[in-house]
file work_35.pdb (PDB, C-alpha atoms)
ATOM      1  CA  MET A 175     -30.861 -72.264  -7.734
ATOM      2  CA  PRO A 176     -28.332 -73.289 -10.412
ATOM      3  CA  ARG A 177     -29.305 -74.811 -13.742
ATOM      4  CA  THR A 178     -29.989 -78.525 -13.188
ATOM      5  CA  ALA A 179     -30.673 -79.949 -16.650
ATOM      6  CA  SER A 180     -29.486 -83.398 -15.571
ATOM      7  CA  LEU A 181     -31.922 -83.590 -12.662
ATOM      8  CA  SER A 182     -35.191 -85.532 -12.657
ATOM      9  CA  ILE A 183     -37.840 -85.119  -9.951
ATOM     10  CA  VAL A 184     -40.334 -87.931  -9.384
ATOM     11  CA  ILE A 185     -43.571 -87.293  -7.516
ATOM     12  CA  PRO A 186     -45.966 -90.152  -6.664
ATOM     13  CA  ALA A 187     -49.548 -88.895  -6.507
ATOM     14  CA  TYR A 188     -52.880 -90.353  -5.482
ATOM     15  CA  ASN A 189     -55.914 -88.048  -5.441
ATOM     16  CA  GLU A 190     -53.743 -84.948  -5.044
ATOM     17  CA  GLU A 191     -55.978 -82.557  -6.982
ATOM     18  CA  ALA A 192     -56.073 -80.100  -4.067
ATOM     19  CA  ARG A 193     -52.310 -79.526  -3.991
ATOM     20  CA  ILE A 194     -50.548 -80.968  -7.048
ATOM     21  CA  GLY A 195     -50.832 -77.723  -8.997
ATOM     22  CA  LYS A 196     -49.250 -75.649  -6.232
ATOM     23  CA  THR A 197     -46.548 -78.275  -5.686
ATOM     24  CA  LEU A 198     -45.546 -78.373  -9.347
ATOM     25  CA  ALA A 199     -45.542 -74.584  -9.538
ATOM     26  CA  GLN A 200     -43.188 -74.420  -6.559
ATOM     27  CA  ILE A 201     -40.837 -76.936  -8.116
ATOM     28  CA  ARG A 202     -40.878 -75.187 -11.507
ATOM     29  CA  LYS A 203     -40.120 -71.877  -9.784
ATOM     30  CA  HIS A 204     -37.010 -73.201  -8.068
ATOM     31  CA  VAL A 205     -35.871 -75.912 -10.506
ATOM     32  CA  PRO A 206     -37.128 -74.795 -13.921
ATOM     33  CA  HIS A 207     -34.901 -77.066 -16.003
ATOM     34  CA  ALA A 208     -35.497 -80.376 -14.214
ATOM     35  CA  GLU A 209     -37.348 -83.261 -15.804
ATOM     36  CA  LEU A 210     -40.582 -83.462 -13.815
ATOM     37  CA  ILE A 211     -42.374 -86.814 -13.603
ATOM     38  CA  VAL A 212     -45.689 -87.367 -11.824
ATOM     39  CA  VAL A 213     -46.729 -90.974 -11.335
ATOM     40  CA  ASP A 214     -50.477 -91.096 -10.808
ATOM     41  CA  ASP A 215     -51.539 -94.097  -8.743
ATOM     42  CA  GLY A 216     -55.057 -94.566 -10.074
ATOM     43  CA  SER A 217     -56.508 -91.245  -8.915
ATOM     44  CA  SER A 218     -60.248 -90.671  -9.258
ATOM     45  CA  ASP A 219     -59.987 -86.867  -9.198
ATOM     46  CA  GLY A 220     -58.337 -84.286 -11.451
ATOM     47  CA  THR A 221     -54.721 -85.035 -10.512
ATOM     48  CA  VAL A 222     -53.708 -86.225 -13.976
ATOM     49  CA  ALA A 223     -55.212 -83.271 -15.833
ATOM     50  CA  LEU A 224     -53.649 -80.734 -13.480
ATOM     51  CA  ALA A 225     -50.218 -82.375 -13.671
ATOM     52  CA  ARG A 226     -50.307 -82.395 -17.468
ATOM     53  CA  ARG A 227     -51.446 -78.783 -17.535
ATOM     54  CA  ALA A 228     -48.425 -77.903 -15.415
ATOM     55  CA  GLY A 229     -46.138 -79.461 -18.025
ATOM     56  CA  ALA A 230     -45.115 -82.574 -16.111
ATOM     57  CA  LYS A 231     -44.581 -85.927 -17.759
ATOM     58  CA  VAL A 232     -47.387 -88.054 -16.311
ATOM     59  CA  LEU A 233     -47.263 -91.835 -15.926
ATOM     60  CA  VAL A 234     -50.650 -93.303 -15.065
ATOM     61  CA  ASN A 235     -50.969 -96.617 -13.225
ATOM     62  CA  GLU A 236     -53.875 -98.653 -14.535
ATOM     63  CA  ARG A 237     -55.113 -99.023 -10.950
ATOM     64  CA  ASN A 238     -54.014 -98.151  -7.437
ATOM     65  CA  ARG A 239     -50.737-100.040  -7.028
ATOM     66  CA  GLY A 240     -49.134 -98.370  -4.008
ATOM     67  CA  LYS A 241     -46.583 -95.652  -3.327
ATOM     68  CA  GLY A 242     -43.644 -98.024  -3.654
ATOM     69  CA  TYR A 243     -44.755 -99.180  -7.093
ATOM     70  CA  SER A 244     -45.290 -95.586  -8.207
ATOM     71  CA  VAL A 245     -41.905 -94.332  -7.010
ATOM     72  CA  ARG A 246     -40.173 -97.345  -8.552
ATOM     73  CA  ARG A 247     -41.872 -96.743 -11.898
ATOM     74  CA  GLY A 248     -40.912 -93.079 -11.883
ATOM     75  CA  MET A 249     -37.314 -93.649 -10.797
ATOM     76  CA  LEU A 250     -36.751 -96.181 -13.572
ATOM     77  CA  ALA A 251     -38.350 -93.919 -16.189
ATOM     78  CA  ALA A 252     -36.322 -90.840 -15.201
ATOM     79  CA  GLN A 253     -33.547 -89.684 -17.518
ATOM     80  CA  GLY A 254     -31.565 -87.405 -15.217
ATOM     81  CA  GLY A 255     -28.071 -88.014 -13.938
ATOM     82  CA  LEU A 256     -29.520 -87.283 -10.492
ATOM     83  CA  ILE A 257     -33.031 -88.344  -9.541
ATOM     84  CA  LEU A 258     -35.001 -86.968  -6.601
ATOM     85  CA  PHE A 259     -38.260 -88.349  -5.376
ATOM     86  CA  SER A 260     -40.425 -86.061  -3.310
ATOM     87  CA  ASP A 261     -43.818 -86.359  -1.665
ATOM     88  CA  ALA A 262     -46.615 -84.502  -3.429
ATOM     89  CA  ASP A 263     -47.294 -82.369  -0.359
ATOM     90  CA  LEU A 264     -43.718 -80.999  -0.280
ATOM     91  CA  SER A 265     -43.496 -81.710   3.448
ATOM     92  CA  THR A 266     -39.803 -81.139   2.834
ATOM     93  CA  PRO A 267     -39.650 -77.918   0.791
ATOM     94  CA  ILE A 268     -37.925 -77.968  -2.572
ATOM     95  CA  THR A 269     -35.657 -75.179  -1.308
ATOM     96  CA  GLU A 270     -33.713 -77.891   0.567
ATOM     97  CA  LEU A 271     -32.510 -79.310  -2.758
ATOM     98  CA  PRO A 272     -29.283 -77.272  -3.326
ATOM     99  CA  ARG A 273     -27.575 -78.845  -0.300
ATOM    100  CA  PHE A 274     -28.531 -82.285  -1.570
ATOM    101  CA  LEU A 275     -27.085 -81.559  -5.001
ATOM    102  CA  SER A 276     -23.801 -80.503  -3.395
ATOM    103  CA  LEU A 277     -23.663 -83.629  -1.232
ATOM    104  CA  ALA A 278     -24.372 -85.808  -4.271
ATOM    105  CA  ARG A 279     -20.859 -85.042  -5.512
ATOM    106  CA  ASP A 280     -19.505 -87.325  -2.773
ATOM    107  CA  HIS A 281     -22.438 -89.670  -2.077
ATOM    108  CA  ASP A 282     -24.572 -91.982  -4.205
ATOM    109  CA  VAL A 283     -27.744 -91.454  -2.153
ATOM    110  CA  VAL A 284     -28.681 -88.406  -0.056
ATOM    111  CA  ILE A 285     -31.779 -88.776   2.106
ATOM    112  CA  GLY A 286     -33.757 -86.234   4.085
ATOM    113  CA  SER A 287     -34.022 -86.876   7.803
ATOM    114  CA  ARG A 288     -36.208 -85.523  10.577
ATOM    115  CA  SER A 289     -34.164 -87.288  13.250
ATOM    116  CA  VAL A 290     -30.576 -86.093  12.940
ATOM    117  CA  THR A 291     -29.004 -83.014  14.482
ATOM    118  CA  GLY A 292     -29.933 -79.908  12.540
ATOM    119  CA  SER A 293     -33.349 -81.075  11.369
ATOM    120  CA  ARG A 294     -36.332 -78.809  12.005
ATOM    121  CA  VAL A 295     -39.834 -80.201  12.355
ATOM    122  CA  VAL A 296     -42.068 -77.156  11.945
ATOM    123  CA  VAL A 297     -45.408 -78.982  12.172
ATOM    124  CA  HIS A 298     -45.430 -82.318  13.998
ATOM    125  CA  GLN A 299     -47.514 -85.370  13.217
ATOM    126  CA  PRO A 300     -50.086 -86.390  15.825
ATOM    127  CA  LEU A 301     -48.336 -87.949  18.805
ATOM    128  CA  TYR A 302     -49.598 -91.476  18.104
ATOM    129  CA  ARG A 303     -48.150 -91.329  14.558
ATOM    130  CA  GLU A 304     -44.804 -90.147  15.869
ATOM    131  CA  LEU A 305     -44.716 -92.984  18.408
ATOM    132  CA  ILE A 306     -45.561 -95.562  15.734
ATOM    133  CA  GLY A 307     -42.870 -94.085  13.495
ATOM    134  CA  LYS A 308     -40.219 -94.175  16.204
ATOM    135  CA  THR A 309     -41.079 -97.783  17.068
ATOM    136  CA  PHE A 310     -40.895 -98.811  13.417
ATOM    137  CA  ASN A 311     -37.522 -97.133  13.030
ATOM    138  CA  LEU A 312     -36.105 -99.025  15.995
ATOM    139  CA  LEU A 313     -37.039-102.247  14.211
ATOM    140  CA  VAL A 314     -35.573-100.929  10.960
ATOM    141  CA  GLN A 315     -32.300-100.250  12.782
ATOM    142  CA  VAL A 316     -32.139-103.844  13.984
ATOM    143  CA  MET A 317     -33.367-105.636  10.863
ATOM    144  CA  ALA A 318     -32.430-103.571   7.830
ATOM    145  CA  VAL A 319     -30.331-100.412   7.832
ATOM    146  CA  PRO A 320     -28.598 -99.778  11.170
ATOM    147  CA  GLY A 321     -27.339 -96.240  11.577
ATOM    148  CA  ILE A 322     -30.007 -94.588   9.432
ATOM    149  CA  LYS A 323     -32.288 -92.748  11.812
ATOM    150  CA  ASP A 324     -35.135 -91.827   9.454
ATOM    151  CA  THR A 325     -35.924 -93.996   6.444
ATOM    152  CA  GLN A 326     -39.408 -92.602   5.798
ATOM    153  CA  CYS A 327     -38.866 -88.944   4.980
ATOM    154  CA  GLY A 328     -40.141 -88.467   1.433
ATOM    155  CA  PHE A 329     -37.186 -86.544   0.033
ATOM    156  CA  LYS A 330     -34.392 -88.707  -1.379
ATOM    157  CA  LEU A 331     -31.807 -88.019  -4.077
ATOM    158  CA  PHE A 332     -30.162 -90.861  -6.006
ATOM    159  CA  SER A 333     -27.398 -90.860  -8.573
ATOM    160  CA  ARG A 334     -28.482 -92.497 -11.806
ATOM    161  CA  ASP A 335     -26.409 -95.597 -11.015
ATOM    162  CA  ALA A 336     -27.815 -95.865  -7.486
ATOM    163  CA  ALA A 337     -31.374 -95.441  -8.770
ATOM    164  CA  ARG A 338     -30.974 -98.723 -10.613
ATOM    165  CA  VAL A 339     -31.540-100.487  -7.281
ATOM    166  CA  PHE A 340     -35.236 -99.892  -7.927
ATOM    167  CA  SER A 341     -35.080-102.402 -10.776
ATOM    168  CA  VAL A 342     -34.607-105.197  -8.230
ATOM    169  CA  CYS A 343     -36.864-103.789  -5.504
ATOM    170  CA  ARG A 344     -40.222-105.498  -5.080
ATOM    171  CA  LEU A 345     -42.276-103.831  -2.353
ATOM    172  CA  ASP A 346     -45.230-101.758  -3.513
ATOM    173  CA  GLY A 347     -46.276-100.296  -0.155
ATOM    174  CA  PHE A 348     -44.943 -97.674   2.236
ATOM    175  CA  SER A 349     -41.872 -99.662   3.307
ATOM    176  CA  PHE A 350     -40.332 -99.318  -0.158
ATOM    177  CA  ASP A 351     -37.894 -96.722   1.251
ATOM    178  CA  VAL A 352     -36.411 -99.277   3.628
ATOM    179  CA  GLU A 353     -36.047-101.816   0.834
ATOM    180  CA  ALA A 354     -34.339 -99.340  -1.506
ATOM    181  CA  LEU A 355     -31.881 -98.210   1.180
ATOM    182  CA  PHE A 356     -31.238-101.811   2.269
ATOM    183  CA  VAL A 357     -30.401-102.835  -1.306
ATOM    184  CA  ALA A 358     -28.346 -99.707  -1.968
ATOM    185  CA  ARG A 359     -26.205-100.347   1.092
ATOM    186  CA  LYS A 360     -25.800-104.062   0.326
ATOM    187  CA  LEU A 361     -24.631-103.187  -3.192
ATOM    188  CA  GLY A 362     -22.028-100.752  -1.884
ATOM    189  CA  PHE A 363     -23.619 -97.379  -2.599
ATOM    190  CA  SER A 364     -22.822 -94.628  -0.093
ATOM    191  CA  ILE A 365     -25.766 -93.090   1.761
ATOM    192  CA  LYS A 366     -25.751 -89.673   3.417
ATOM    193  CA  GLU A 367     -28.504 -88.759   5.890
ATOM    194  CA  GLU A 368     -29.083 -85.001   5.820
ATOM    195  CA  PRO A 369     -31.217 -82.896   8.204
ATOM    196  CA  VAL A 370     -34.149 -81.104   6.607
ATOM    197  CA  GLU A 371     -36.974 -78.771   7.437
ATOM    198  CA  TRP A 372     -40.207 -80.757   7.545
ATOM    199  CA  ARG A 373     -43.844 -80.007   8.249
ATOM    200  CA  ASN A 374     -46.662 -82.487   8.536
ATOM    201  CA  ALA A 375     -49.377 -81.975   5.935
ATOM    202  CA  ALA A 376     -52.969 -83.082   6.372
ATOM    203  CA  GLY A 377     -54.304 -85.843   4.152
ATOM    204  CA  SER A 378     -51.812 -88.634   4.806
ATOM    205  CA  LYS A 379     -52.652 -91.857   2.930
ATOM    206  CA  VAL A 380     -50.996 -93.979   5.645
ATOM    207  CA  HIS A 381     -53.375 -95.912   7.899
ATOM    208  CA  PRO A 382     -51.712 -95.879  11.344
ATOM    209  CA  VAL A 383     -52.509 -99.492  12.267
ATOM    210  CA  ARG A 384     -53.067-101.410   9.029
ATOM    211  CA  ASP A 385     -50.058 -99.980   7.220
ATOM    212  CA  ALA A 386     -47.840-100.188  10.301
ATOM    213  CA  LEU A 387     -48.490-103.933  10.477
ATOM    214  CA  ARG A 388     -47.795-104.325   6.763
ATOM    215  CA  MET A 389     -44.543-102.420   7.107
ATOM    216  CA  LEU A 390     -43.492-104.649   9.993
ATOM    217  CA  ARG A 391     -44.195-107.707   7.859
ATOM    218  CA  ASP A 392     -42.191-106.161   5.028
ATOM    219  CA  LEU A 393     -39.048-106.020   7.178
ATOM    220  CA  PHE A 394     -39.120-109.797   7.313
ATOM    221  CA  VAL A 395     -39.844-109.946   3.577
ATOM    222  CA  ILE A 396     -36.777-107.793   2.854
ATOM    223  CA  ARG A 397     -34.526-110.096   4.888
ATOM    224  CA  TRP A 398     -36.051-113.166   3.248
ATOM    225  CA  ASN A 399     -35.634-111.718  -0.244
ATOM    226  CA  TRP A 400     -31.983-110.983   0.489
ATOM    227  CA  MET A 401     -31.349-114.506   1.746
ATOM    228  CA  ARG A 402     -32.909-115.918  -1.437
ATOM    229  CA  GLY A 403     -30.635-113.791  -3.631
ATOM    230  CA  MET A 404     -33.443-111.636  -5.037
ATOM    231  CA  TYR A 405     -31.525-108.355  -4.755
ATOM    232  CA  ARG A 406     -28.673-109.123  -7.128
ATOM    233  CA  LYS A 407     -26.835-106.152  -8.625
ATOM    234  CA  PRO A 408     -28.874-104.781 -11.562
TER     235      PRO A 408
END
call {"tool": "encode", "arguments": {"input": "work_35.pdb", "output": "structure tokens"}}
result
Amino acid sequence: MPRTASLSIVIPAYNEEARIGKTLAQIRKHVPHAELIVVDDGSSDGTVALARRAGAKVLVNERNRGKGYSVRRGMLAAQGGLILFSDADLSTPITELPRFLSLARDHDVVIGSRSVTGSRVVVHQPLYRELIGKTFNLLVQVMAVPGIKDTQCGFKLFSRDAARVFSVCRLDGFSFDVEALFVARKLGFSIKEEPVEWRNAAGSKVHPVRDALRMLRDLFVIRWNWMRGMYRKP
């Protein structure tokens, strides 16, 4: 992989002691010159110590604030000209990054997708999770970002300018991706949906019913925030 000194990689983490070390080692192997930021969301295990030992810059939330809050904090703290956020489990392997870097020459935001032609889901989620996800995306298509088939894949690359949308985003939970893409599109940033390899990893922090209902509510919140002028250009 080419030298990427102007790249930052943001990883939100909550009780990821079992895999954060391996994840950071994988990233360092393939992207040794990137700025690496781990945002710890109030973990009660050894996540922070392991991340620091691996040489990452670690931002520690004073309490559990949510994945959206953590990603937002990391994206706004990053110094790179390009900023990737990735899930701590590397469900999308870091080896997918070179294609994203190439596409970033022509697009402001490049997002991983499990639902476009060319994607490869190696290990599927349980069927009920896939059905909930597909239903949620149908609502997302109607209410927020039509044409984007997968808003929830945790592998998204933003230009530095596009990453500034996080300064006006407000959602702290799992629907933060939808909000960020909604704002980016409204503010005129180009978004490219790119197929990726993806494998489900055990240990998801998403509750299939509780969080699904919150994410549904958040779609209405996003529309309401837009109508009230709360997503002005940063």
call {"tool": "residues_around", "arguments": {"input": "work_35.pdb", "residues": "segment 363-372 of chain A", "least_positions_apart": "5", "cutoff": "10 Å", "atoms": "all atoms listed in the file", "output": "PyMOL selection string"}}
result
chain A and resi 264-267+269-271+273-274+277-278+280-298+321-325+327-333+335-336+339+355+357-358
call {"tool": "residues_around", "arguments": {"input": "work_35.pdb", "residues": "Gly229 of chain A", "least_positions_apart": "5", "cutoff": "12 Å", "atoms": "all atoms listed in the file", "output": "list in words"}}
result
Ile194, Gly195, Leu198, Ala199, Ile201, Arg202, Pro206, His207, Ala208, Glu209, Leu210, Ile211, Val212, Val222, Ala223 and Leu224 of chain A
call {"tool": "closest_residue", "arguments": {"input": "work_35.pdb", "among": "A:Phe310, A:Phe356, A:Phe350, A:Tyr405", "to": "Leu390 of chain A", "atoms": "all atoms listed in the file"}}
result
A:Phe310
call {"tool": "axis_aligned_box", "arguments": {"input": "work_35.pdb", "around": "segment 359-369 of chain A", "padding_each_side": "8 Å", "output": "JSON"}}
result
{"center_x": -26.6, "center_y": -93.5, "center_z": 2.5, "size_x": 25.2, "size_y": 37.2, "size_z": 27.4}
call {"tool": "closest_residue", "arguments": {"input": "work_35.pdb", "among": "A:Leu256, A:Ile268, A:Ala262, A:Ala375", "to": "Tyr188 of chain A", "atoms": "only C-alpha atoms"}}
result
A:Ala262
call {"tool": "closest_residue", "arguments": {"input": "work_35.pdb", "among": "A:Leu181, A:Leu305, A:Leu313, A:Val342", "to": "Arg391 of chain A", "atoms": "all atoms listed in the file"}}
result
A:Leu313
call {"tool": "resolve_selection", "arguments": {"input": "work_35.pdb", "expression": "the PyMOL selection byres ((chain A and resi 396) around 9)", "output": "VMD selection string"}}
result
chain A and resid 317 to 318 344 to 345 352 to 353 356 391 to 395 397 to 401
call {"tool": "decode", "arguments": {"input": "work_35.pdb", "residues": "segment 345-363 of chain A", "atoms": "N, CA and C atoms", "output": "CSV table (one decimal), in the first residue's frame"}}
result
chain,number,residue,atom,x,y,z
A,345,LEU,N,-26.6,13.4,16.2
A,345,LEU,CA,-27.0,12.1,16.7
A,345,LEU,C,-25.9,11.3,17.3
A,346,ASP,N,-26.1,10.7,18.5
A,346,ASP,CA,-25.0,10.0,19.2
A,346,ASP,C,-25.1,8.5,19.0
A,347,GLY,N,-26.3,8.0,18.5
A,347,GLY,CA,-26.5,6.6,18.4
A,347,GLY,C,-26.1,6.0,17.0
A,348,PHE,N,-26.6,4.8,16.7
A,348,PHE,CA,-26.2,4.1,15.5
A,348,PHE,C,-26.7,4.6,14.2
A,349,SER,N,-27.6,5.6,14.2
A,349,SER,CA,-28.1,6.2,13.0
A,349,SER,C,-27.2,7.4,12.6
A,350,PHE,N,-26.1,7.6,13.2
A,350,PHE,CA,-25.2,8.7,12.9
A,350,PHE,C,-24.8,8.7,11.4
A,351,ASP,N,-24.6,7.5,10.9
A,351,ASP,CA,-24.2,7.4,9.5
A,351,ASP,C,-25.2,8.0,8.5
A,352,VAL,N,-26.5,7.7,8.8
A,352,VAL,CA,-27.5,8.3,7.9
A,352,VAL,C,-27.5,9.8,8.0
A,353,GLU,N,-27.3,10.4,9.2
A,353,GLU,CA,-27.3,11.8,9.4
A,353,GLU,C,-26.1,12.4,8.7
A,354,ALA,N,-24.9,11.8,8.8
A,354,ALA,CA,-23.8,12.4,8.2
A,354,ALA,C,-23.9,12.4,6.6
A,355,LEU,N,-24.4,11.3,6.1
A,355,LEU,CA,-24.6,11.2,4.6
A,355,LEU,C,-25.7,12.2,4.2
A,356,PHE,N,-26.8,12.3,5.0
A,356,PHE,CA,-27.9,13.2,4.7
A,356,PHE,C,-27.3,14.6,4.6
A,357,VAL,N,-26.5,15.0,5.6
A,357,VAL,CA,-26.0,16.4,5.6
A,357,VAL,C,-25.0,16.6,4.5
A,358,ALA,N,-24.1,15.6,4.3
A,358,ALA,CA,-23.1,15.7,3.2
A,358,ALA,C,-23.8,15.9,1.8
A,359,ARG,N,-24.9,15.2,1.6
A,359,ARG,CA,-25.6,15.3,0.3
A,359,ARG,C,-26.2,16.7,0.2
A,360,LYS,N,-26.9,17.1,1.3
A,360,LYS,CA,-27.6,18.4,1.3
A,360,LYS,C,-26.6,19.6,1.1
A,361,LEU,N,-25.4,19.4,1.5
A,361,LEU,CA,-24.4,20.5,1.4
A,361,LEU,C,-23.6,20.3,0.1
A,362,GLY,N,-23.9,19.4,-0.8
A,362,GLY,CA,-23.4,19.3,-2.1
A,362,GLY,C,-22.1,18.5,-2.2
A,363,PHE,N,-21.8,17.7,-1.2
A,363,PHE,CA,-20.6,16.8,-1.4
A,363,PHE,C,-21.0,15.6,-2.1
